[in-house]
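Here is the file query.txt (compact mmCIF, C-alpha atoms).
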# COMPACT_ATOMS: atom_id res chain seq x y z
CA MET K 138 -8.67 -5.28 -21.84
CA ARG K 139 -10.84 -6.50 -18.95
CA PHE K 140 -10.39 -4.95 -15.51
CA GLY K 141 -11.54 -6.35 -12.17
CA VAL K 142 -11.90 -4.10 -9.11
CA LEU K 143 -11.79 -5.87 -5.75
CA GLN K 144 -14.46 -5.07 -3.20
CA PHE K 145 -13.80 -5.74 0.47
CA PRO K 146 -16.12 -4.85 3.30
CA GLY K 147 -14.86 -1.32 3.98
CA SER K 148 -13.60 -0.50 0.48
CA CYS K 149 -14.71 3.00 -0.44
CA ASP K 150 -12.90 3.93 -3.66
CA ASP K 151 -14.07 0.87 -5.59
CA ARG K 152 -16.70 2.75 -7.60
CA ASP K 153 -14.32 5.50 -8.69
CA ALA K 154 -11.79 2.81 -9.63
CA LEU K 155 -14.43 0.95 -11.64
CA SER K 156 -15.42 4.15 -13.40
CA ALA K 157 -11.79 4.93 -14.22
CA CYS K 158 -11.30 1.43 -15.64
CA GLN K 159 -14.45 1.73 -17.71
CA ARG K 160 -13.01 4.78 -19.45
CA VAL K 161 -10.33 2.59 -20.99
CA GLY K 162 -11.87 -0.90 -21.13
CA GLU K 163 -14.40 -3.33 -19.75
CA ALA K 164 -14.58 -3.64 -15.99
CA ARG K 165 -16.46 -5.44 -13.24
CA MET K 166 -16.41 -5.66 -9.48
CA VAL K 167 -14.85 -8.70 -7.79
CA TRP K 168 -16.37 -9.47 -4.37
CA HIS K 169 -13.79 -10.43 -1.74
CA GLU K 170 -15.23 -13.93 -1.40
CA GLU K 171 -14.74 -14.71 -5.09
CA SER K 172 -11.79 -16.93 -5.80
CA ASP K 173 -11.97 -16.94 -9.58
CA LEU K 174 -10.53 -14.13 -11.68
CA ASP K 175 -11.20 -15.86 -14.98
CA GLY K 176 -11.39 -13.45 -17.87
CA ILE K 177 -9.81 -10.59 -15.93
CA ASP K 178 -6.57 -9.17 -17.31
CA VAL K 179 -5.94 -6.32 -14.90
CA VAL K 180 -6.79 -6.30 -11.18
CA VAL K 181 -7.24 -3.10 -9.20
CA VAL K 182 -7.12 -3.33 -5.40
CA PRO K 183 -8.85 -0.09 -4.42
CA GLY K 184 -8.61 2.31 -1.52
CA GLY K 185 -10.68 2.33 1.63
CA PHE K 186 -10.57 0.51 4.94
CA SER K 187 -10.73 -3.20 4.16
CA TYR K 188 -12.10 -5.14 7.14
CA GLY K 189 -12.02 -1.89 9.11
CA ASP K 190 -8.22 -1.84 8.85
CA TYR K 191 -8.23 -3.73 12.15
CA LEU K 192 -4.86 -4.88 13.47
CA ARG K 193 -2.91 -3.12 10.68
CA ALA K 194 -4.08 -1.57 7.43
CA GLY K 195 -4.39 -4.38 4.88
CA ALA K 196 -3.41 -7.14 7.30
CA ILE K 197 -6.68 -9.06 7.21
CA ALA K 198 -7.60 -8.43 3.56
CA ARG K 199 -4.61 -10.45 2.40
CA PHE K 200 -6.37 -13.63 3.58
CA ALA K 201 -9.51 -13.02 1.50
CA PRO K 202 -10.20 -15.64 -1.19
CA ALA K 203 -10.04 -12.88 -3.81
CA MET K 204 -6.54 -11.93 -2.64
CA GLN K 205 -5.34 -15.52 -2.92
CA ALA K 206 -6.58 -15.38 -6.53
CA VAL K 207 -4.82 -12.03 -7.04
CA THR K 208 -1.57 -13.56 -5.80
CA ARG K 209 -1.87 -16.39 -8.35
CA HIS K 210 -2.75 -13.82 -11.06
CA ALA K 211 0.33 -11.76 -10.17
CA GLU K 212 2.60 -14.80 -10.08
CA ALA K 213 1.39 -15.69 -13.58
CA GLY K 214 2.44 -12.22 -14.76
CA GLY K 215 -1.01 -10.60 -14.63
CA ALA K 216 -1.21 -6.87 -13.98
CA VAL K 217 -2.19 -5.72 -10.47
CA LEU K 218 -2.56 -2.13 -9.26
CA GLY K 219 -2.90 -1.39 -5.54
CA ILE K 220 -4.13 2.08 -4.65
CA CYS K 221 -3.79 3.44 -1.10
CA ASN K 222 -5.37 0.70 1.05
CA GLY K 223 -4.79 -1.57 -1.94
CA PHE K 224 -1.06 -0.71 -1.77
CA GLN K 225 -1.09 -1.60 1.94
CA VAL K 226 -2.78 -4.91 1.12
CA LEU K 227 -0.16 -5.73 -1.55
CA CYS K 228 2.67 -5.00 0.91
CA GLU K 229 1.04 -7.12 3.62
CA SER K 230 0.58 -9.90 1.05
CA GLY K 231 4.26 -9.86 0.19
CA LEU K 232 3.54 -9.01 -3.46
CA LEU K 233 5.43 -5.76 -2.93
CA PRO K 234 8.29 -5.05 -0.52
CA GLY K 235 8.09 -2.70 2.45
CA ALA K 236 5.27 -1.42 4.63
CA LEU K 237 3.14 1.68 5.11
CA LEU K 238 3.33 3.41 8.48
CA THR K 239 1.34 6.20 10.10
CA ASN K 240 2.11 9.59 8.53
CA ASP K 241 4.90 11.41 10.33
CA SER K 242 2.44 14.23 11.08
CA LEU K 243 0.00 11.74 12.65
CA ARG K 244 -2.65 13.56 10.62
CA PHE K 245 -4.92 12.46 7.84
CA VAL K 246 -3.77 14.30 4.70
CA CYS K 247 -6.08 15.06 1.80
CA ARG K 248 -4.62 17.18 -0.96
CA GLN K 249 -3.43 17.33 -4.54
CA VAL K 250 0.25 16.45 -4.90
CA ASP K 251 2.70 16.39 -7.79
CA LEU K 252 4.36 13.09 -8.62
CA VAL K 253 7.38 12.46 -10.79
CA VAL K 254 7.44 9.32 -12.93
CA GLU K 255 10.65 7.41 -12.22
CA SER K 256 10.03 4.31 -14.30
CA SER K 257 7.97 3.70 -17.41
CA ASP K 258 8.90 0.04 -17.36
CA THR K 259 5.75 -1.16 -15.59
CA ALA K 260 2.27 -2.26 -16.66
CA PHE K 261 0.82 0.99 -15.31
CA THR K 262 3.33 3.61 -16.44
CA ARG K 263 4.29 2.51 -19.94
CA GLU K 264 2.25 5.42 -21.35
CA CYS K 265 4.44 7.80 -19.31
CA LYS K 266 8.04 8.89 -19.63
CA PRO K 267 10.52 9.14 -16.78
CA GLY K 268 10.45 12.73 -15.56
CA ASP K 269 6.76 13.29 -16.38
CA ARG K 270 4.91 15.17 -13.64
CA LEU K 271 1.46 14.00 -12.65
CA SER K 272 -1.00 15.91 -10.46
CA ILE K 273 -2.92 13.34 -8.37
CA PRO K 274 -4.61 13.59 -4.95
CA VAL K 275 -3.60 11.75 -1.78
CA LYS K 276 -5.95 11.03 1.14
CA HIS K 277 -4.62 8.80 3.90
CA GLN K 278 -3.25 8.61 7.41
CA THR K 279 -1.13 5.49 6.95
CA GLY K 280 0.94 6.27 3.89
CA ARG K 281 4.53 6.66 5.02
CA TYR K 282 6.46 4.18 2.90
CA PHE K 283 9.06 2.31 4.89
CA ALA K 284 11.66 -0.33 4.16
CA PRO K 285 15.07 -0.91 5.74
CA PRO K 286 17.82 1.17 4.05
CA GLU K 287 19.41 -1.87 2.38
CA ASP K 288 16.02 -2.87 0.92
CA LEU K 289 15.51 0.70 -0.34
CA ASP K 290 18.93 0.59 -2.02
CA GLU K 291 18.01 -2.66 -3.72
CA LEU K 292 14.61 -1.29 -4.77
CA GLU K 293 16.24 1.78 -6.30
CA ALA K 294 18.99 -0.24 -7.97
CA ARG K 295 16.52 -2.44 -9.80
CA GLY K 296 14.34 0.51 -10.88
CA GLY K 297 11.50 -0.50 -8.56
CA VAL K 298 10.62 3.07 -7.59
CA VAL K 299 7.86 4.00 -10.04
CA LEU K 300 6.65 7.33 -8.69
CA ARG K 301 8.18 9.84 -6.33
CA TYR K 302 6.59 12.85 -4.67
CA ALA K 303 7.94 15.97 -6.37
CA PRO K 304 10.30 18.04 -4.19
CA GLY K 305 8.26 19.65 -1.40
CA HIS K 306 5.21 17.44 -2.06
CA ASN K 307 5.94 14.47 0.24
CA PRO K 308 2.75 14.49 2.38
CA ASN K 309 3.60 11.74 4.86
CA GLY K 310 7.33 11.38 5.45
CA SER K 311 7.79 8.48 3.04
CA ALA K 312 11.36 7.23 2.74
CA ARG K 313 13.16 8.85 -0.21
CA ASP K 314 9.90 10.55 -1.28
CA ILE K 315 8.61 7.22 -2.58
CA ALA K 316 4.98 7.39 -3.69
CA GLY K 317 4.72 4.19 -5.73
CA ILE K 318 6.74 1.03 -6.34
CA ALA K 319 6.71 -2.05 -8.55
CA ASN K 320 7.77 -5.66 -8.21
CA GLU K 321 10.70 -6.94 -10.24
CA ARG K 322 8.62 -7.91 -13.27
CA GLY K 323 6.80 -4.58 -13.27
CA ASN K 324 3.37 -6.24 -13.41
CA VAL K 325 2.48 -5.37 -9.80
CA VAL K 326 2.40 -1.68 -8.85
CA GLY K 327 1.29 -0.03 -5.62
CA LEU K 328 0.93 3.67 -4.85
CA MET K 329 -0.58 5.82 -2.12
CA PRO K 330 -1.98 8.62 -4.37
CA HIS K 331 -5.35 8.05 -6.06
CA PRO K 332 -5.17 8.04 -9.87
CA GLU K 333 -8.85 7.00 -10.02
CA HIS K 334 -9.78 10.40 -8.52
CA ALA K 335 -7.88 12.24 -11.28
CA VAL K 336 -9.51 11.04 -14.50
CA ASP K 337 -11.59 14.11 -15.38
CA LEU K 338 -10.70 17.79 -15.60
CA LEU K 339 -13.89 18.48 -13.66
CA CYS K 340 -11.97 17.18 -10.63
CA GLY K 341 -8.88 19.25 -11.37
CA SER K 342 -6.71 16.73 -13.23
CA GLU K 343 -6.93 13.84 -15.61
CA ASP K 344 -3.32 12.76 -15.12
CA GLY K 345 -4.41 9.63 -13.25
CA LEU K 346 -5.99 8.28 -16.40
CA ARG K 347 -2.54 7.61 -17.81
CA LEU K 348 -2.02 4.73 -15.39
CA PHE K 349 -5.24 3.10 -16.56
CA GLU K 350 -4.43 3.81 -20.22
CA SER K 351 -1.05 2.17 -19.71
CA ALA K 352 -2.71 -0.98 -18.37
CA ALA K 353 -5.22 -1.00 -21.23
CA ALA K 354 -2.58 -0.69 -23.94
CA PRO K 355 -1.29 -3.98 -25.33
CA ALA K 356 2.14 -4.57 -23.86
CA SER K 357 3.62 -5.60 -27.20
CA GLU K 358 3.19 -2.09 -28.56
CA HIS K 359 5.51 -0.78 -25.93
CA ALA K 360 9.15 -1.50 -26.21
CA PRO K 361 10.94 -0.10 -23.16
CA GLN K 362 11.36 3.59 -23.76
CA ALA K 363 14.71 5.30 -23.81
CA VAL K 364 15.29 7.60 -20.87
CA THR K 365 15.33 11.20 -22.02
CA ALA K 366 16.88 13.85 -19.88
CA MET O 219 -4.05 -22.12 27.07
CA ARG O 220 -4.15 -18.37 27.53
CA ALA O 221 -1.51 -16.28 25.78
CA LYS O 222 -0.62 -12.64 25.69
CA VAL O 223 1.15 -11.20 22.67
CA LEU O 224 2.80 -7.82 23.06
CA ILE O 225 3.50 -6.06 19.76
CA ARG O 226 5.56 -2.91 19.51
CA PRO O 227 7.25 -0.80 16.85
CA LYS O 228 10.75 -2.01 16.04
CA GLU O 229 13.60 -0.11 17.62
CA GLY O 230 14.65 2.78 15.40
CA ILE O 231 11.35 3.10 13.54
CA LEU O 232 9.74 6.48 14.02
CA ASP O 233 6.71 5.95 16.24
CA PRO O 234 4.50 9.02 15.82
CA GLN O 235 1.96 7.73 18.36
CA GLY O 236 4.65 7.47 21.02
CA LYS O 237 5.95 10.92 20.05
CA ALA O 238 2.44 12.43 20.30
CA VAL O 239 1.88 10.93 23.74
CA GLU O 240 5.32 12.06 24.88
CA SER O 241 4.79 15.61 23.70
CA ALA O 242 1.39 15.81 25.44
CA LEU O 243 2.74 14.83 28.86
CA PRO O 244 4.54 18.06 29.85
CA ALA O 245 1.34 20.04 29.21
CA LEU O 246 -0.33 17.88 31.87
CA GLY O 247 2.46 18.42 34.35
CA PHE O 248 4.30 15.11 33.80
CA GLU O 249 7.94 16.07 33.38
CA GLY O 250 10.92 13.83 32.72
CA VAL O 251 9.09 11.16 30.71
CA SER O 252 10.92 10.08 27.57
CA HIS O 253 11.20 7.29 24.98
CA VAL O 254 7.44 6.70 24.93
CA SER O 255 6.47 3.91 22.56
CA VAL O 256 2.92 2.75 21.83
CA GLY O 257 2.25 -0.86 20.96
CA ARG O 258 -0.68 -3.20 21.35
CA LEU O 259 -1.58 -6.24 23.39
CA VAL O 260 -3.45 -9.22 21.97
CA GLU O 261 -4.87 -11.81 24.37
CA LEU O 262 -6.10 -15.16 23.15
CA ASP O 263 -6.91 -18.74 24.06
CA THR O 264 -5.25 -21.43 21.98
CA ASP O 265 -5.21 -25.21 21.82
CA ASP O 266 -1.90 -25.17 19.99
CA PRO O 267 0.64 -22.84 21.63
CA ASP O 268 3.39 -24.29 19.43
CA ARG O 269 1.93 -22.38 16.51
CA LEU O 270 1.81 -19.02 18.28
CA GLN O 271 5.03 -17.82 16.72
CA GLU O 272 3.79 -18.64 13.22
CA LEU O 273 0.51 -16.92 14.03
CA CYS O 274 2.41 -13.81 15.10
CA GLU O 275 4.62 -13.77 12.01
CA LYS O 276 1.72 -14.26 9.62
CA LEU O 277 -0.90 -12.01 11.12
CA LEU O 278 -0.55 -10.39 14.53
CA ALA O 279 2.73 -8.61 13.79
CA ASN O 280 4.45 -7.40 10.65
CA PRO O 281 8.05 -8.51 11.34
CA LEU O 282 9.39 -5.81 9.02
CA ILE O 283 8.20 -3.04 11.31
CA GLU O 284 7.20 -4.67 14.59
CA ASP O 285 8.70 -6.83 17.34
CA TYR O 286 6.55 -9.16 19.40
CA GLU O 287 6.77 -11.07 22.66
CA ILE O 288 4.64 -14.07 23.51
CA GLU O 289 3.72 -14.81 27.10
CA VAL O 290 1.84 -18.05 27.74
CA THR O 291 -0.21 -18.04 30.92
CA LYS O 292 -2.55 -20.70 32.30

In structure tokens, what does this structure look like?
Amino acid sequence: MRFGVLQFPGSCDDRDALSACQRVGEARMVWHEESDLDGIDVVVVPGGFSYGDYLRAGAIARFAPAMQAVTRHAEAGGAVLGICNGFQVLCESGLLPGALLTNDSLRFVCRQVDLVVESSDTAFTRECKPGDRLSIPVKHQTGRYFAPPEDLDELEARGGVVLRYAPGHNPNGSARDIAGIANERGNVVGLMPHPEHAVDLLCGSEDGLRLFESAAAPASEHAPQAVTA
Amino acid sequence: MRAKVLIRPKEGILDPQGKAVESALPALGFEGVSHVSVGRLVELDTDDPDRLQELCEKLLANPLIEDYEIEVTK
């Protein structure tokens, strides 16, 4: 499986993302001015401050040639993972519903949180089971997931909530403790926590690796898993 | 043509910036100030004011979370 990690001016988690991808497959950087994703199976839009996060986080990055290519890749069913700023970019691009707002505390939060897997029916969680707990760090100031209540109901009804902050772990005031979501096909996933920073026990957890392993595993091997209580 | 675009958080969306400003005011002796909301103002020159609304919807504002007002001046 070949991974591509986008690089915008202001990206800062691109190297960790590349390293995480290289643990499970081949990977290369994709400069924001590139408009060709040929040969790339899985795209990672990494964290950081693309284009300085001017105007709104992710608002300008969506117009990059590389993002236009990512949109075509996603529409063709290709896997796309947006992490933190990458999640904001995917929401601004319309590839995922909702928006990320300033944390309710107004503070930058940087800490390890527990996440609960809600759906294993996505390209990035098929190696997990619903109910699994993952320990993964967050580090952001604009991570409060928001969507109008009726949109949240629809998202929940179609199983679009992929990861939730475990009770007591919501670091930013996100609606319904939502930490990560997917599009309807499950090929596009965005989350605020940083799985690429949790791929080695040296850093306290390797739970984040499971998202990359999921993307690296051939989809055909994974029939949708039965939900176990 | 010169235009001013005023962008503000949608009614009902928690605006922590506004809250922070509001809660700082009493400490400075400003009492009785409420419903503080912080937005931003974008000023620009344009040859095509008819496209300002599209420009706002696509870039300057995120219609899901923000309202905007366009004021065209000379």

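Proximity of O:Ile288, O:Glu240, O:Val254, O:Leu224 to O:Glu272, computed with all atoms listed in the file, is greatest for O:Ile288.
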
Leaving out K:Thr208 and any residue of its chain fewer than 4 positions from it, which residues lie within 8 Å of it when counting only C-alpha atoms, given as a VMD selection string?
chain K and resid 204 212 232

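Residues from chain K found within 8 Å of chain O are K:Leu192, K:Ala196, K:Ile197, K:Glu229, K:Gly235, K:Ala236, K:Thr239, K:Asn240, K:Asp241, K:Ser242, K:Leu243, K:Ala284, counting only C-alpha atoms.
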
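Candidate residues K:Phe224, K:Phe245, K:Phe261, K:Phe349 were compared for distance to K:Pro330, and the nearest is K:Phe224, using only C-alpha atoms.
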
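We find atom CA of K:Leu328 and atom CA of K:Asp173 to be spaced 24.8 Å apart.
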
For stretch 319-345 of chain K, which lacks atoms in the input, supply N, CA and C atoms and format the output as a short mmCIF file (atom, residue, chain, number, x, y, z; two decimals), in the frame of the given file.
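Writing the result to out09.cif gives the following:
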data_model
loop_
_atom_site.label_atom_id
_atom_site.label_comp_id
_atom_site.auth_asym_id
_atom_site.auth_seq_id
_atom_site.Cartn_x
_atom_site.Cartn_y
_atom_site.Cartn_z
N ALA K 319 7.11 -0.88 -7.76
CA ALA K 319 6.71 -2.05 -8.55
C ALA K 319 7.51 -3.26 -8.10
N ASN K 320 6.99 -4.44 -8.44
CA ASN K 320 7.77 -5.66 -8.21
C ASN K 320 8.81 -5.78 -9.32
N GLU K 321 9.60 -6.83 -9.28
CA GLU K 321 10.70 -6.94 -10.24
C GLU K 321 10.23 -7.04 -11.68
N ARG K 322 9.11 -7.75 -11.90
CA ARG K 322 8.62 -7.91 -13.27
C ARG K 322 7.90 -6.68 -13.77
N GLY K 323 7.51 -5.79 -12.85
CA GLY K 323 6.80 -4.58 -13.27
C GLY K 323 5.32 -4.80 -13.53
N ASN K 324 4.81 -6.00 -13.20
CA ASN K 324 3.37 -6.24 -13.41
C ASN K 324 2.54 -5.88 -12.18
N VAL K 325 3.20 -5.76 -11.02
CA VAL K 325 2.48 -5.37 -9.80
C VAL K 325 2.98 -4.00 -9.36
N VAL K 326 2.05 -3.05 -9.25
CA VAL K 326 2.40 -1.68 -8.85
C VAL K 326 1.50 -1.26 -7.70
N GLY K 327 2.08 -0.59 -6.72
CA GLY K 327 1.29 -0.03 -5.62
C GLY K 327 1.66 1.43 -5.44
N LEU K 328 0.66 2.26 -5.11
CA LEU K 328 0.93 3.67 -4.85
C LEU K 328 -0.07 4.22 -3.85
N MET K 329 0.34 5.20 -3.08
CA MET K 329 -0.58 5.82 -2.12
C MET K 329 -1.50 6.83 -2.78
N PRO K 330 -1.06 7.66 -3.74
CA PRO K 330 -1.98 8.62 -4.37
C PRO K 330 -3.09 7.89 -5.15
N HIS K 331 -4.14 8.63 -5.46
CA HIS K 331 -5.35 8.05 -6.06
C HIS K 331 -5.53 8.44 -7.52
N PRO K 332 -4.99 7.69 -8.46
CA PRO K 332 -5.17 8.04 -9.87
C PRO K 332 -6.63 7.98 -10.30
N GLU K 333 -7.44 7.14 -9.62
CA GLU K 333 -8.85 7.00 -10.02
C GLU K 333 -9.65 8.26 -9.69
N HIS K 334 -9.10 9.14 -8.83
CA HIS K 334 -9.78 10.40 -8.52
C HIS K 334 -9.29 11.53 -9.44
N ALA K 335 -8.43 11.20 -10.39
CA ALA K 335 -7.88 12.24 -11.28
C ALA K 335 -8.02 11.75 -12.72
N VAL K 336 -9.27 11.53 -13.13
CA VAL K 336 -9.51 11.04 -14.50
C VAL K 336 -10.42 11.99 -15.27
N ASP K 337 -10.70 13.17 -14.71
CA ASP K 337 -11.59 14.11 -15.38
C ASP K 337 -11.21 15.51 -14.95
N LEU K 338 -11.11 16.42 -15.92
CA LEU K 338 -10.70 17.79 -15.60
C LEU K 338 -11.67 18.46 -14.63
N LEU K 339 -12.90 17.95 -14.61
CA LEU K 339 -13.89 18.48 -13.66
C LEU K 339 -13.37 18.39 -12.23
N CYS K 340 -12.53 17.38 -11.97
CA CYS K 340 -11.97 17.18 -10.63
C CYS K 340 -10.55 17.74 -10.53
N GLY K 341 -10.15 18.56 -11.49
CA GLY K 341 -8.88 19.25 -11.37
C GLY K 341 -7.72 18.64 -12.15
N SER K 342 -7.82 17.37 -12.50
CA SER K 342 -6.71 16.73 -13.23
C SER K 342 -7.19 15.44 -13.86
N GLU K 343 -6.65 15.15 -15.01
CA GLU K 343 -6.93 13.84 -15.61
C GLU K 343 -5.64 13.04 -15.77
N ASP K 344 -4.62 13.44 -15.00
CA ASP K 344 -3.32 12.76 -15.12
C ASP K 344 -3.39 11.30 -14.69
N GLY K 345 -4.31 10.99 -13.76
CA GLY K 345 -4.41 9.63 -13.25
C GLY K 345 -4.83 8.63 -14.31
#
